[in-house]
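Reviewing the structure listed below.
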Amino acid sequence: MKGSLRHRDFRLLWAGESISQAGSAATRVMLPLIAVDTLHASSMTMSVLNAAAWLPWVLIGLPAGAWVDRVRRRPVMIVCNAVSGALLLTVGAAAWLDALSIGQLLLVAVLSGTADVFFRAAYSAYVPALLPRADLADGNAKLETSESAADVVAPSAGGALVQAGGAVFGFLADGLSFLASVLLLTRIRAREGPPGGERRRAPALGPEIREGFAYLVRDPFLRTILLCDAGMNLFLAGTQALAIVFLSRTVGVDGGTIGVLIALAGLGGVLGAVLSPLLARTFGTARAVLLCAFCGGPFGLLIPLTTDGAGLVAFLVGDFCLTASIVAGNVIIVSFRQAYCPPGMLGRISSSIRFLMYGAVPVGSLLGGALATVLSDRGALWILYTGNALCALLLLHGPVRSRRELPVG
């Protein structure tokens, strides 16, 4: 057994995340389809739903990271996944009783988003505790591959369930997938070091939050990559809020076909995760990040060209290539951050990054809804995918453009 798979505790983490990601991938298709087809949500309502899931990153993203640096990460992850599983089971129960409403979906989106804030802050800081630095890139590639594989298999099942009227079973399966992840996390044996390295406690969160944010702002590598990622998130959030509405109402595609399209496009994520180590070795990590950013964005401009029938190929090719470039770049960037940032500050730095990246998502979602209301779903997608492609230019205003490799410490 080679690389990250040599480590039993990482295998448990990987298995748990793979299961919960499969359930979540199905829900990402089921929830908007139910909102559109059953609850008759408008484009703006869909944008608000998407924004609600990411709003907690704006409200508590920074203090969550500082707090996570003070505690053991695994118990935080266990509690967060248990809460997420319970929330999804309530959605399944409401669907079964024919009592589901937009209000409940909004509430679940906010609460599960809050759990995700704490889970992600702990998760990004926990992976380096399970793997030596030499295996981080391999481990992150496997985690991204699992997430991308879930995006291939699960959405078609989610779309088919909605079309068959069986969404309640999909939400039940997603809730149980989080609980299965909890069970696997409890079996990890690795002992974490003292929270926050040698410093165990601080009198207040404020100074620690400022310390992590200041480190991020001062470092030219972290700052440059973050500006590009946050800009892309802003525009892509708008496209994600509108994609299923666009396919369903503008193009006229049924729920089952939408699930298949999203699943096939998800193969791009699998390809990107698998190829990311090869890209990093062949071109160097810095040049690979530039390659992914500049080559992937223009493919998004195929998506607004989508029409019914043979015209669906435009959506498939555009989303496939865009997803491949995003995932490949993410694997390289996440591995760089985990090796580059001080371990005792990783939770704070990661949460500062996510605060800015994910904080752009609610804004982008509402921007997408507003553009669709004024123009049309198709017109809004033209603007949003153009903006996403132009964000790659931000990488040229920093040290990344002049290096072959990103620093590792």
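How things are named: the first chain in the structure tokens is A, the next is B, and so on; residues count from 1 in each chain; ligands count from 1 in the order shown.
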
### Task
Name all residues at most 9 Å from stretch 343-352 of chain A (count only C-alpha atoms; drop same-chain ones fewer than 5 positions away) and give them as a ChimeraX atom specification.
/A:57,61-69,117-118,120-126,128,195-199,208-209,211-213,215-216,337-338,357

Near A:Cys321, within 7 Å and counting only C-alpha atoms, which residues show up once chain neighbours fewer than 5 positions away are dropped, as a PDB file with C-alpha atoms, in the first residue's frame?
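After the write, selection07.pdb holds the following:
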```
ATOM      1  CA  GLY A 268     -14.291  16.415 -14.940  1.00  0.00           C
ATOM      2  CA  GLY A 296     -10.510  26.344 -17.379  1.00  0.00           C
ATOM      3  CA  PHE A 299     -14.872  26.722 -21.135  1.00  0.00           C
TER       4      PHE A 299
END
```

### Query
For A:Ile303, which residue among A:Phe178, A:Tyr358, A:Phe221, A:Phe246 is the nearest when counting only C-alpha atoms?
A:Phe246

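Comparing A:Pro132, A:Gly272, A:Gly103, A:Gly252 by their smallest distance to A:Leu49, the closest is A:Gly103 (using only C-alpha atoms).
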
## Note on the structure
Residue with the minimum atom-to-atom distance to A:Ala372, picked from A:Ser20, A:Thr186, A:Asn50, A:Thr239 with only C-alpha atoms counted, is A:Thr239

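The shortest atom-to-atom distance to A:Val270, with only C-alpha atoms taken into account, belongs to A:Val327 out of A:Val327, A:Leu105, A:Leu222, A:Ala129.
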
### Query
Taking into account only C-alpha atoms, which residue in the set A:Asp219, A:Leu278, A:Val313, A:Val36 is nearest to A:Leu264?
A:Val313

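Compared by their closest atoms to A:Leu179, and using only C-alpha atoms, the residues A:Gly85, A:Pro56, A:Gly259, A:Gly318 rank with A:Gly85 nearest.
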
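Taking atom CA of A:Ile78 and atom CA of A:Phe119 as the two end points, the separation is 8.3 Å.
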
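A straight line drawn from atom CA of A:Ala273 to atom CA of A:Phe336 is 14.9 Å long.
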
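One distance worth recording is that between atom CA of A:Leu12 and atom CA of A:Ser24, which is 18.4 Å.
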
Residue neighbourhood stretch 374-387 of chain A, 6 Å, only C-alpha atoms, exclusion window fewer than 4 positions, as a PDB file with N, CA and C atoms, in the first residue's frame:
```
ATOM      1  N   PHE A 235     -18.462  34.818  -8.829  1.00  0.00           N
ATOM      2  CA  PHE A 235     -19.191  34.624 -10.082  1.00  0.00           C
ATOM      3  C   PHE A 235     -19.775  33.217 -10.202  1.00  0.00           C
ATOM      4  N   PHE A 246     -32.060  27.262 -14.930  1.00  0.00           N
ATOM      5  CA  PHE A 246     -31.805  27.476 -16.356  1.00  0.00           C
ATOM      6  C   PHE A 246     -32.094  26.211 -17.164  1.00  0.00           C
ATOM      7  N   GLY A 300     -16.287  27.795 -19.463  1.00  0.00           N
ATOM      8  CA  GLY A 300     -17.575  28.139 -18.885  1.00  0.00           C
ATOM      9  C   GLY A 300     -18.474  28.907 -19.843  1.00  0.00           C
ATOM     10  N   LEU A 301     -17.876  29.597 -20.805  1.00  0.00           N
ATOM     11  CA  LEU A 301     -18.655  30.389 -21.761  1.00  0.00           C
ATOM     12  C   LEU A 301     -19.442  29.519 -22.732  1.00  0.00           C
ATOM     13  N   PRO A 304     -23.777  29.038 -21.398  1.00  0.00           N
ATOM     14  CA  PRO A 304     -24.949  29.826 -21.826  1.00  0.00           C
ATOM     15  C   PRO A 304     -25.419  29.501 -23.241  1.00  0.00           C
TER      16      PRO A 304
END
```

### Query
So which bits of stretch 124-321 of chain A end up helix (DSSP H, G or I) when you DSSP the backbone, as number ranges by chain?
A: 124-130, 133-163, 167-186, 205-218, 220-251, 255-283, 285-305, 309-321
